[in-house]
$ cat entry10.cif   # mmCIF, C-alpha atoms
data_my_file
loop_
_atom_site.label_atom_id
_atom_site.label_comp_id
_atom_site.auth_asym_id
_atom_site.auth_seq_id
_atom_site.Cartn_x
_atom_site.Cartn_y
_atom_site.Cartn_z
CA MET A 1 28.49 -8.98 -38.59
CA THR A 2 28.72 -12.19 -36.67
CA GLU A 3 28.57 -12.32 -32.90
CA ARG A 4 32.30 -12.83 -32.82
CA ASP A 5 32.80 -9.75 -34.99
CA GLU A 6 30.68 -7.73 -32.56
CA ILE A 7 32.77 -8.87 -29.62
CA ASP A 8 36.04 -8.25 -31.46
CA VAL A 9 34.99 -4.75 -32.54
CA LEU A 10 33.89 -3.85 -29.02
CA ALA A 11 37.11 -5.28 -27.58
CA GLY A 12 39.18 -3.54 -30.24
CA GLU A 13 37.58 -0.17 -29.57
CA TYR A 14 38.01 -0.73 -25.84
CA VAL A 15 41.73 -1.33 -26.31
CA LEU A 16 42.18 1.51 -28.79
CA GLY A 17 40.36 3.74 -26.32
CA THR A 18 37.74 5.09 -28.69
CA LEU A 19 34.68 4.09 -26.65
CA GLU A 20 32.83 6.98 -25.03
CA ALA A 21 32.83 7.09 -21.22
CA ALA A 22 29.55 5.20 -20.75
CA GLU A 23 30.38 2.55 -23.36
CA ARG A 24 33.79 2.14 -21.81
CA ALA A 25 32.39 1.66 -18.33
CA ALA A 26 29.85 -0.85 -19.68
CA ALA A 27 32.56 -2.81 -21.50
CA HIS A 28 34.69 -2.80 -18.38
CA ALA A 29 31.82 -4.23 -16.32
CA GLN A 30 30.92 -6.73 -19.03
CA ARG A 31 34.41 -8.18 -19.34
CA ARG A 32 34.25 -9.29 -15.72
CA GLN A 33 31.21 -11.44 -16.50
CA ASP A 34 32.04 -12.46 -20.03
CA PRO A 35 35.17 -14.54 -20.63
CA ALA A 36 34.78 -14.20 -24.41
CA LEU A 37 34.97 -10.42 -24.21
CA ASP A 38 37.82 -10.57 -21.73
CA ALA A 39 39.77 -12.91 -24.02
CA ALA A 40 39.05 -10.67 -27.01
CA ILE A 41 40.39 -7.66 -25.09
CA VAL A 42 43.55 -9.49 -24.08
CA ALA A 43 43.99 -10.58 -27.70
CA TRP A 44 43.80 -6.98 -28.94
CA GLU A 45 46.23 -5.84 -26.25
CA GLY A 46 48.68 -8.38 -27.62
CA ARG A 47 48.04 -7.58 -31.29
CA LEU A 48 48.52 -3.86 -30.81
CA ALA A 49 51.32 -4.10 -28.24
CA PRO A 50 54.07 -3.38 -30.79
CA LEU A 51 52.60 0.09 -31.22
CA ALA A 52 53.52 0.90 -27.63
CA ASP A 53 57.17 0.31 -28.48
CA TRP A 54 57.43 3.41 -30.56
CA VAL A 55 56.07 5.73 -27.97
CA PRO A 56 59.30 7.26 -26.64
CA PRO A 57 59.98 6.81 -22.91
CA VAL A 58 59.85 9.99 -20.85
CA ALA A 59 61.86 10.56 -17.69
CA VAL A 60 59.59 10.47 -14.66
CA PRO A 61 59.80 13.31 -12.10
CA GLU A 62 61.92 11.95 -9.28
CA ALA A 63 59.50 12.73 -6.49
CA LEU A 64 56.92 10.30 -7.86
CA GLN A 65 58.65 7.11 -6.81
CA ALA A 66 58.60 8.01 -3.13
CA LYS A 67 54.97 9.10 -3.41
CA ILE A 68 53.99 5.81 -5.00
CA GLU A 69 55.87 3.73 -2.46
CA ALA A 70 54.19 5.65 0.34
CA ARG A 71 50.83 4.72 -1.17
CA LEU A 72 51.41 0.99 -1.26
CA PRO A 73 49.15 -0.74 1.20
CA VAL A 74 50.94 -2.64 3.93
CA ALA A 75 51.00 -6.34 3.22
CA GLU A 76 48.57 -8.47 5.12
CA GLY A 77 48.74 -12.22 5.59
CA GLN A 78 45.76 -13.05 3.42
CA ALA A 79 47.10 -11.28 0.38
CA ARG A 80 50.42 -12.96 0.78
CA ILE A 81 48.93 -16.42 0.95
CA LEU A 82 46.79 -15.72 -2.09
CA ALA A 83 49.81 -14.45 -3.95
CA LEU A 84 51.86 -17.48 -3.04
CA GLU A 85 49.12 -19.87 -4.09
CA ARG A 86 48.71 -18.22 -7.44
CA ARG A 87 52.38 -18.05 -7.92
CA ALA A 88 52.76 -21.72 -7.16
CA GLN A 89 50.22 -22.55 -9.84
CA ARG A 90 51.70 -20.37 -12.50
CA TRP A 91 55.37 -20.65 -11.91
CA ARG A 92 55.81 -24.27 -11.03
CA ARG A 93 58.29 -24.71 -13.81
CA VAL A 94 60.65 -22.05 -12.61
CA ALA A 95 59.76 -21.99 -8.98
CA ILE A 96 62.85 -23.77 -7.79
CA ALA A 97 65.13 -21.14 -9.08
CA THR A 98 63.10 -18.06 -8.47
CA SER A 99 63.97 -16.84 -5.06
CA ALA A 100 67.69 -16.75 -5.60
CA LEU A 101 67.23 -15.53 -9.12
CA ALA A 102 64.81 -12.77 -8.47
CA ALA A 103 66.80 -11.45 -5.58
CA CYS A 104 69.80 -11.04 -7.78
CA LEU A 105 67.98 -9.82 -10.82
CA LEU A 106 67.50 -6.62 -8.90
CA LEU A 107 71.14 -6.09 -9.63
CA ALA A 108 70.83 -7.26 -13.20
CA ILE A 109 68.96 -4.26 -14.36
CA GLY A 110 71.42 -2.01 -12.74
CA VAL A 111 69.02 -0.52 -10.31
CA ARG A 112 71.18 -0.04 -7.31
CA GLU A 113 73.98 -1.68 -5.50
CA LEU A 114 72.48 -3.72 -2.74
CA SER A 115 75.33 -3.81 -0.36
CA ARG A 116 75.28 -7.01 1.59
CA PRO A 117 78.09 -7.65 4.01
CA HIS A 118 78.63 -11.39 3.54
CA VAL A 119 78.10 -12.44 0.00
CA PRO A 120 79.03 -15.91 -1.16
CA LYS A 121 80.01 -15.28 -4.75
CA THR A 122 77.40 -17.18 -6.67
CA TYR A 123 76.39 -15.92 -10.06
CA VAL A 124 73.40 -16.71 -12.18
CA ALA A 125 72.47 -16.21 -15.82
CA VAL A 126 69.09 -16.69 -17.44
CA PHE A 127 68.85 -17.84 -21.03
CA GLN A 128 65.51 -16.98 -22.42
CA LYS A 129 63.58 -18.69 -25.16
CA ASP A 130 60.58 -16.43 -25.51
CA ASP A 131 58.96 -13.61 -23.64
CA ALA A 132 57.42 -15.86 -21.07
CA SER A 133 59.95 -18.26 -19.73
CA PRO A 134 63.62 -18.82 -19.13
CA ALA A 135 64.93 -21.77 -21.10
CA PHE A 136 68.17 -22.40 -19.23
CA LEU A 137 69.47 -21.33 -15.88
CA LEU A 138 73.18 -21.19 -15.40
CA THR A 139 74.87 -20.77 -12.06
CA VAL A 140 78.54 -20.32 -11.31
CA ASP A 141 80.20 -20.48 -7.93
CA LEU A 142 83.15 -18.18 -8.34
CA ALA A 143 85.00 -19.55 -5.34
CA THR A 144 85.18 -23.03 -6.83
CA ARG A 145 84.59 -21.91 -10.44
CA MET A 146 82.08 -24.70 -10.84
CA LEU A 147 79.43 -24.04 -13.42
CA SER A 148 76.06 -25.70 -13.51
CA VAL A 149 73.53 -25.31 -16.29
CA ARG A 150 69.98 -26.55 -16.08
CA PRO A 151 67.40 -26.68 -18.88
CA VAL A 152 64.07 -25.34 -17.64
CA ALA A 153 61.88 -25.37 -20.68
CA ALA A 154 64.18 -26.41 -23.46
CA GLU A 155 64.48 -29.61 -25.37
CA PRO A 156 66.52 -29.70 -28.56
CA PRO A 157 64.73 -30.74 -31.77
CA ALA A 158 65.47 -34.29 -32.94
CA GLY A 159 69.02 -34.68 -34.19
CA LYS A 160 70.24 -31.51 -32.52
CA SER A 161 72.20 -30.72 -29.38
CA TYR A 162 72.54 -27.65 -27.24
CA GLN A 163 76.13 -26.55 -26.81
CA LEU A 164 77.46 -24.21 -24.15
CA TRP A 165 80.04 -21.53 -24.96
CA ILE A 166 82.06 -18.99 -23.06
CA ALA A 167 83.40 -15.80 -24.60
CA SER A 168 85.95 -14.24 -22.27
CA GLU A 169 88.99 -12.01 -22.30
CA LYS A 170 91.13 -15.12 -22.08
CA SER A 171 90.24 -16.09 -25.64
CA GLY A 172 90.14 -12.53 -26.90
CA GLY A 173 86.36 -12.64 -26.90
CA ALA A 174 86.07 -15.63 -29.21
CA PRO A 175 83.56 -18.25 -28.05
CA GLN A 176 85.12 -21.40 -26.60
CA SER A 177 83.10 -24.57 -26.22
CA LEU A 178 82.19 -25.74 -22.75
CA GLY A 179 80.62 -28.90 -24.11
CA LEU A 180 77.13 -30.14 -24.73
CA ILE A 181 74.19 -29.69 -22.42
CA GLU A 182 72.49 -32.94 -21.63
CA ALA A 183 68.88 -31.92 -21.94
CA LYS A 184 67.65 -35.03 -20.21
CA GLN A 185 69.72 -34.45 -17.11
CA ALA A 186 68.63 -32.15 -14.34
CA SER A 187 71.84 -30.20 -14.63
CA THR A 188 75.20 -30.32 -16.35
CA GLN A 189 78.33 -29.45 -14.36
CA ARG A 190 81.51 -27.93 -15.77
CA ALA A 191 84.73 -26.93 -14.08
CA LEU A 192 86.07 -23.57 -15.20
CA ALA A 193 89.38 -24.03 -13.41
CA GLU A 194 91.44 -22.73 -16.31
CA TYR A 195 89.62 -19.39 -16.25
CA ASP A 196 90.46 -16.83 -13.63
CA ARG A 197 87.80 -15.29 -11.46
CA ALA A 198 87.69 -11.91 -13.13
CA SER A 199 87.35 -13.24 -16.65
CA VAL A 200 84.58 -15.64 -15.62
CA GLU A 201 82.81 -12.79 -13.91
CA ARG A 202 82.91 -10.67 -17.05
CA ALA A 203 82.42 -13.42 -19.60
CA THR A 204 79.44 -13.79 -21.87
CA PHE A 205 77.92 -17.23 -22.01
CA GLY A 206 76.13 -18.57 -25.02
CA ILE A 207 74.02 -21.61 -25.75
CA SER A 208 73.66 -22.55 -29.40
CA LEU A 209 71.66 -25.16 -31.24
CA GLU A 210 74.05 -27.48 -33.07
CA PRO A 211 74.01 -30.73 -35.01
CA ALA A 212 73.85 -33.77 -32.71
CA GLY A 213 77.18 -34.17 -30.96
CA GLY A 214 78.13 -30.51 -31.20
CA SER A 215 79.44 -27.93 -33.61
CA PRO A 216 81.59 -29.46 -36.34
CA THR A 217 83.69 -26.31 -36.65
CA GLY A 218 84.57 -25.58 -33.04
CA ARG A 219 82.60 -22.36 -33.36
CA PRO A 220 78.89 -21.83 -32.79
CA THR A 221 77.03 -22.48 -36.03
CA GLY A 222 73.37 -22.44 -35.02
CA PRO A 223 70.96 -19.94 -33.49
CA ALA A 224 72.00 -18.97 -29.98
CA PHE A 225 70.94 -17.54 -26.66
CA HIS A 226 73.36 -15.40 -24.72
CA ALA A 227 73.60 -14.18 -21.18
CA LYS A 228 75.97 -12.58 -18.75
CA LEU A 229 76.35 -13.49 -15.14
CA ILE A 230 74.40 -11.71 -12.49
CA GLU A 231 75.59 -11.69 -8.94
CA THR A 232 73.30 -13.28 -6.45
CA SER A 233 73.22 -12.60 -2.78
CA ARG A 234 72.65 -16.12 -1.66
CA MET B 235 56.37 -15.58 -28.55
CA GLY B 236 58.57 -18.11 -30.24
CA ALA B 237 57.30 -21.60 -30.76
CA ARG B 238 58.51 -24.28 -28.43
CA GLY B 239 61.93 -25.52 -29.40
CA GLU B 240 62.62 -22.55 -31.60
CA VAL B 241 65.58 -20.50 -30.55
CA SER B 242 65.78 -16.77 -30.98
CA ASN B 243 68.50 -14.13 -31.25
CA ALA B 244 71.42 -13.81 -33.51
CA ARG B 245 74.15 -16.29 -34.18
CA ILE B 246 77.23 -16.20 -32.06
CA ALA B 247 80.09 -15.32 -34.32
CA GLY B 248 82.28 -13.32 -32.02
CA LEU B 249 82.08 -10.99 -29.12
CA ALA B 250 80.63 -8.20 -31.21
CA LEU B 251 77.50 -10.22 -31.75
CA LEU B 252 77.14 -11.36 -28.19
CA ARG B 253 74.54 -9.35 -26.41
CA PRO B 254 73.56 -9.52 -22.80
CA ALA B 255 70.37 -11.51 -22.57
CA ALA B 256 68.43 -12.37 -19.43
CA SER B 257 66.14 -10.14 -21.38
CA THR B 258 63.94 -7.48 -20.01
CA ALA B 259 60.85 -9.64 -20.24
CA ALA B 260 62.32 -12.53 -18.24
CA THR B 261 63.64 -10.14 -15.64
CA ILE B 262 60.31 -8.39 -15.33
CA VAL B 263 58.45 -11.66 -14.97
CA LEU B 264 60.67 -12.55 -12.04
CA LEU B 265 60.32 -9.10 -10.49
CA LEU B 266 56.54 -9.33 -10.79
CA GLN B 267 56.58 -12.61 -8.90
CA ARG B 268 58.47 -10.96 -6.10
CA VAL B 269 56.12 -8.00 -6.14
CA ALA B 270 53.22 -10.44 -5.81
CA GLU B 271 54.88 -11.58 -2.61
CA ARG B 272 54.99 -7.99 -1.39
CA ASP B 273 58.69 -7.50 -1.94
CA ARG B 274 59.29 -3.75 -1.90
CA GLU B 275 62.83 -3.97 -3.25
CA ALA B 276 61.56 -5.86 -6.25
CA PHE B 277 58.85 -3.23 -6.70
CA SER B 278 61.43 -0.51 -6.65
CA ALA B 279 63.48 -2.35 -9.25
CA LEU B 280 60.40 -2.92 -11.39
CA TYR B 281 59.55 0.76 -11.17
CA THR B 282 63.04 1.79 -12.19
CA ALA B 283 63.02 -0.59 -15.13
CA THR B 284 59.59 0.29 -16.51
CA SER B 285 58.36 3.68 -15.31
CA ALA B 286 59.83 5.82 -18.12
CA LYS B 287 58.16 3.63 -20.72
CA LEU B 288 54.78 3.72 -18.98
CA TYR B 289 55.10 7.43 -18.27
CA GLY B 290 55.76 8.14 -21.95
CA ILE B 291 52.66 6.17 -22.91
CA ILE B 292 50.51 7.81 -20.24
CA LEU B 293 51.73 11.30 -21.06
CA ARG B 294 50.78 10.86 -24.72
CA ILE B 295 47.23 10.06 -23.70
CA SER B 296 46.85 12.32 -20.65
CA ARG B 297 48.74 15.18 -22.29
CA ARG B 298 49.09 17.11 -19.08
CA ARG B 299 51.93 16.44 -16.67
CA ASP B 300 49.81 16.85 -13.56
CA ILE B 301 47.28 14.30 -14.82
CA ALA B 302 50.00 11.94 -16.05
CA ASP B 303 51.75 12.12 -12.66
CA GLU B 304 48.57 11.12 -10.87
CA VAL B 305 47.77 8.35 -13.36
CA LEU B 306 51.28 6.93 -13.08
CA GLN B 307 50.96 6.72 -9.31
CA GLU B 308 47.65 4.90 -9.56
CA VAL B 309 49.03 2.56 -12.19
CA TYR B 310 51.94 1.46 -10.02
CA VAL B 311 49.72 1.01 -6.99
CA GLN B 312 47.53 -1.17 -9.20
CA ILE B 313 50.55 -3.14 -10.40
CA TRP B 314 51.51 -3.72 -6.78
CA GLU B 315 48.01 -4.93 -5.97
CA ARG B 316 47.51 -7.07 -9.06
CA ALA B 317 50.95 -8.56 -9.66
CA ALA B 318 49.73 -11.96 -8.48
CA TYR B 319 47.15 -11.98 -11.26
CA TYR B 320 49.63 -11.53 -14.07
CA ASP B 321 49.34 -14.62 -16.25
CA ALA B 322 52.35 -15.30 -18.42
CA SER B 323 50.33 -17.56 -20.70
CA LYS B 324 48.32 -14.53 -21.82
CA GLY B 325 51.20 -12.34 -22.90
CA SER B 326 54.40 -10.58 -22.00
CA PRO B 327 54.67 -8.74 -18.68
CA ILE B 328 55.28 -5.47 -20.50
CA THR B 329 52.09 -5.87 -22.50
CA TRP B 330 50.24 -6.48 -19.24
CA MET B 331 51.70 -3.38 -17.62
CA VAL B 332 51.12 -1.24 -20.71
CA ALA B 333 47.47 -2.33 -20.73
CA ILE B 334 47.07 -1.23 -17.11
CA ALA B 335 48.70 2.10 -17.89
CA ARG B 336 46.69 2.76 -21.04
CA ASN B 337 43.42 1.73 -19.44
CA ARG B 338 43.94 4.01 -16.49
CA ALA B 339 44.99 6.94 -18.70
CA LEU B 340 42.05 6.37 -21.04
CA ASP B 341 39.58 6.08 -18.14
CA GLU B 342 40.79 9.42 -16.92
CA ALA B 343 40.74 11.03 -20.36
CA ARG B 344 37.19 9.84 -21.11
CA ARG B 345 35.79 10.48 -17.66
CA LYS B 346 36.92 14.01 -17.10
CA LYS B 347 37.02 15.38 -20.59
CA ALA B 348 39.38 17.68 -18.78
CA VAL B 349 41.89 17.92 -21.52
CA SER B 350 41.35 20.08 -24.51
CA ILE B 351 43.37 19.77 -27.64
CA GLU B 352 44.89 23.17 -26.89
CA ASP B 353 46.49 21.77 -23.75
CA THR B 354 49.29 20.21 -25.69
CA PRO B 355 49.88 21.46 -29.16
CA GLU B 356 53.37 19.99 -28.96
CA VAL B 357 52.11 16.44 -28.58
CA LEU B 358 49.81 16.74 -31.54
CA GLY B 359 52.61 18.44 -33.40
CA ILE B 360 54.72 15.35 -33.02
CA ALA B 361 51.91 13.28 -34.43
CA ASP B 362 51.78 15.52 -37.48
CA GLU B 363 55.38 14.85 -38.25
CA GLU B 364 55.06 11.12 -37.97
CA GLU B 365 53.30 10.08 -41.12
CA HIS B 366 55.24 6.85 -41.23
CA PRO B 367 56.36 6.25 -37.69
CA LEU B 368 56.71 2.54 -38.24
CA ASP B 369 59.58 3.15 -40.61
CA ARG B 370 61.66 4.58 -37.86
CA VAL B 371 61.71 1.74 -35.42
CA GLU B 372 63.62 -1.43 -35.33
CA LYS B 373 61.09 -3.88 -36.58
CA SER B 374 60.47 -6.93 -34.54
CA GLN B 375 58.70 -9.75 -36.30
CA GLN B 376 55.53 -8.87 -34.49
CA LEU B 377 55.83 -5.20 -35.32
CA LEU B 378 56.68 -6.03 -38.90
CA ARG B 379 53.54 -8.08 -39.24
CA LEU B 380 51.36 -5.47 -37.61
CA SER B 381 52.97 -2.83 -39.77
CA GLN B 382 52.18 -4.80 -42.93
CA CYS B 383 48.58 -5.19 -41.85
CA LEU B 384 48.30 -1.51 -40.99
CA ASP B 385 49.77 -0.63 -44.37
CA ALA B 386 46.96 -2.56 -45.97
CA LEU B 387 44.44 -0.10 -44.52
CA ASP B 388 43.54 3.12 -46.33
CA SER B 389 45.85 5.84 -45.07
CA ASP B 390 43.18 7.83 -43.20
CA ARG B 391 41.93 4.72 -41.50
CA ARG B 392 45.41 3.65 -40.55
CA GLU B 393 46.00 7.09 -39.12
CA VAL B 394 42.79 6.84 -37.08
CA VAL B 395 43.95 3.57 -35.51
CA LEU B 396 47.40 4.93 -34.72
CA LEU B 397 46.11 8.21 -33.28
CA ALA B 398 43.54 6.40 -31.16
CA TYR B 399 46.06 3.94 -29.74
CA ARG B 400 48.91 6.31 -29.20
CA GLU B 401 47.26 9.64 -28.45
CA GLY B 402 44.10 8.22 -26.92
CA MET B 403 41.95 10.36 -29.22
CA SER B 404 38.19 9.88 -28.89
CA ARG B 405 35.87 9.33 -31.86
CA GLU B 406 34.82 12.93 -31.50
CA ALA B 407 38.38 14.27 -31.55
CA LEU B 408 39.19 12.01 -34.49
CA GLY B 409 36.06 13.26 -36.28
CA GLN B 410 37.27 16.84 -35.91
CA ARG B 411 40.69 15.89 -37.08
CA PHE B 412 39.45 14.18 -40.22
CA SER B 413 36.43 16.45 -40.79
CA ARG B 414 34.02 13.56 -40.50
CA PRO B 415 31.13 12.94 -38.10
CA PRO B 416 31.95 10.60 -35.17
CA ALA B 417 29.60 8.00 -36.69
CA THR B 418 31.84 7.78 -39.74
CA ILE B 419 34.87 7.33 -37.51
CA LYS B 420 33.02 4.55 -35.73
CA SER B 421 32.35 2.74 -38.96
CA TRP B 422 35.96 3.22 -40.11
CA LEU B 423 37.16 1.74 -36.82
CA ARG B 424 34.78 -1.18 -37.17
CA ARG B 425 36.04 -2.12 -40.61
CA SER B 426 39.69 -1.41 -39.76
CA LEU B 427 39.58 -3.59 -36.65
CA LEU B 428 38.04 -6.55 -38.47
CA GLN B 429 40.48 -6.17 -41.34
CA LEU B 430 43.41 -6.01 -38.93
CA ARG B 431 42.22 -9.02 -36.99
CA ASP B 432 41.84 -11.07 -40.16
CA CYS B 433 45.15 -9.88 -41.55
CA LEU B 434 47.01 -10.75 -38.36
CA GLY B 435 45.31 -14.14 -38.33
CA GLN B 436 45.16 -14.43 -34.55
#

$ encode --input "entry10.cif" --output "structure tokens"
Amino acid sequence: MTERDEIDVLAGEYVLGTLEAAERAAAHAQRRQDPALDAAIVAWEGRLAPLADWVPPVAVPEALQAKIEARLPVAEGQARILALERRAQRWRRVAIATSALAACLLLAIGVRELSRPHVPKTYVAVFQKDDASPAFLLTVDLATRMLSVRPVAAEPPAGKSYQLWIASEKSGGAPQSLGLIEAKQASTQRALAEYDRASVERATFGISLEPAGGSPTGRPTGPAFHAKLIETSR
Amino acid sequence: MGARGEVSNARIAGLALLRPAASTAATIVLLLQRVAERDREAFSALYTATSAKLYGIILRISRRRDIADEVLQEVYVQIWERAAYYDASKGSPITWMVAIARNRALDEARRKKAVSIEDTPEVLGIADEEEHPLDRVEKSQQLLRLSQCLDALDSDRREVVLLAYREGMSREALGQRFSRPPATIKSWLRRSLLQLRDCLGQ
């Protein structure tokens, strides 16, 4: 076995969990010193991750959440600064949008109604390209029914355009074009004046990849992202 | 992870095919950022979105509810403390959280040797029934590829990998299960891991 094989086997057994206690502790200590082992472990975690998907979820006893939250250390300034610095490094691309987004994404996953007394009705949708990053951010101000869509990490392949669609009750659920997204511009604005508030609120938005200049059929023809609006609190 | 410029998901053909996106992964990435900034509401949302999945994984390995309950608490405290270190370039946020959960559960299982096989016949019983568990899940591309590579292993060796990952079985426990000495299990694992790595080509 080569040296790389040795590292990969050790890392693989570490991730599978088959190392005995002493070997496991040694590997744990070694990965802190040895970037090659650490990278090999992370690689195995990724390779084997799909296996975790077929372990069925199990409802957690309710009392645990309160216990956990009681155990969280109180934030201190140092940790916060560290966190912010790291975050700034890693999330530069999406940083602009994050605070408003994240606040409202609490609602997105249906966790709880955060009742806030004065809520300007701004809505946000995230269109995602891969597991790591949003590709487009779409915001709608329901009061003015102005829509703005901003590419974050998306550039169409040569000879293609991104086209924005809305599927609402108004059109019986069929996607209607809202025009092309200019990838080179910071954001593209659209007025949704002809749609009423409620149908905009409940609509599904889609972004599809089309031949340059847009879909020739008036319907989406290429691969698409979809998203629904999420209410934001700011 | 899709390549840059490659778009995922189905085609839009009508409302029936439109699915809510802002997918779990993107949402969890954003929640983790907030957690890194010590946002307790975001933590609570993250917990609600992910705890049943992690608990299921932990319970499989820990086997006993009381141990799993304790491990889950430690895992979420660790997620709170380490959220700022999550690096999206190294993988999905769920993979990161699952690794924390599995590592903690495995540490506990190896350290204490507190759990005997008799503790949870029902968990092992489930494993017995699942000769081809991969057939029963919706196959993502990644899962499909892994599944193909696992299928290329001899059936006992494939089973060893699956039981180790999912049930957290030690070499010794696997040896008993397959009536082989632990050293044989170790050499099976060795060859299976290298074969898997090469098959997956990553």

$ residues_around --input "entry10.cif" --residues "Ala259 (chain B)" --least-positions-apart "4" --cutoff "7 Å" --atoms "all atoms listed in the file" --output "PyMOL selection string"
(chain A and resi 131) or (chain B and resi 263+326-328)

$ resolve_selection --input "entry10.cif" --expression "the PyMOL selection byres ((chain B and resi 311) around 12)" --output "MDAnalysis selection string"
(chainID A and resid 64:74) or (chainID B and resid 269 272 274 277:278 281 304:310 312:317 331 334:335 338)

$ resolve_selection --input "entry10.cif" --expression "the PyMOL selection byres ((chain B and resi 405-410) around 12)" --output "number ranges by chain"
A: 13-14, 16-21; B: 343-344, 347, 349-352, 358, 390-391, 393-399, 401-404, 411-424

$ closest_residue --input "entry10.cif" --among "A:Ala212, A:Leu37, A:Gly46, A:Ala29" --to "Asp5 (chain A)" --atoms "all atoms listed in the file"
A:Leu37

$ axis_aligned_box --input "entry10.cif" --around "region 170-175 of chain A" --padding-each-side "6 Å" --output "JSON"
{"center_x": 87.3, "center_y": -15.4, "center_z": -25.6, "size_x": 19.6, "size_y": 17.7, "size_z": 19.1}

$ atom_distance --input "entry10.cif" --atom1 "CA of Lys160 (chain A)" --atom2 "CA of Glu210 (chain A)"
5.6 Å

$ closest_residue --input "entry10.cif" --among "A:Ala224, A:Leu147, A:Ala63, A:Ala40" --to "chain B" --atoms "all atoms listed in the file"
A:Ala224

$ atom_distance --input "entry10.cif" --atom1 "CA of Trp165 (chain A)" --atom2 "CA of Phe205 (chain A)"
5.6 Å

$ closest_residue --input "entry10.cif" --among "A:Gly206, A:Gly213, A:Gly159, A:Pro35" --to "chain B" --atoms "all atoms listed in the file"
A:Gly206

$ atom_distance --input "entry10.cif" --atom1 "CA of Leu264 (chain B)" --atom2 "CA of Leu138 (chain A)"
15.6 Å
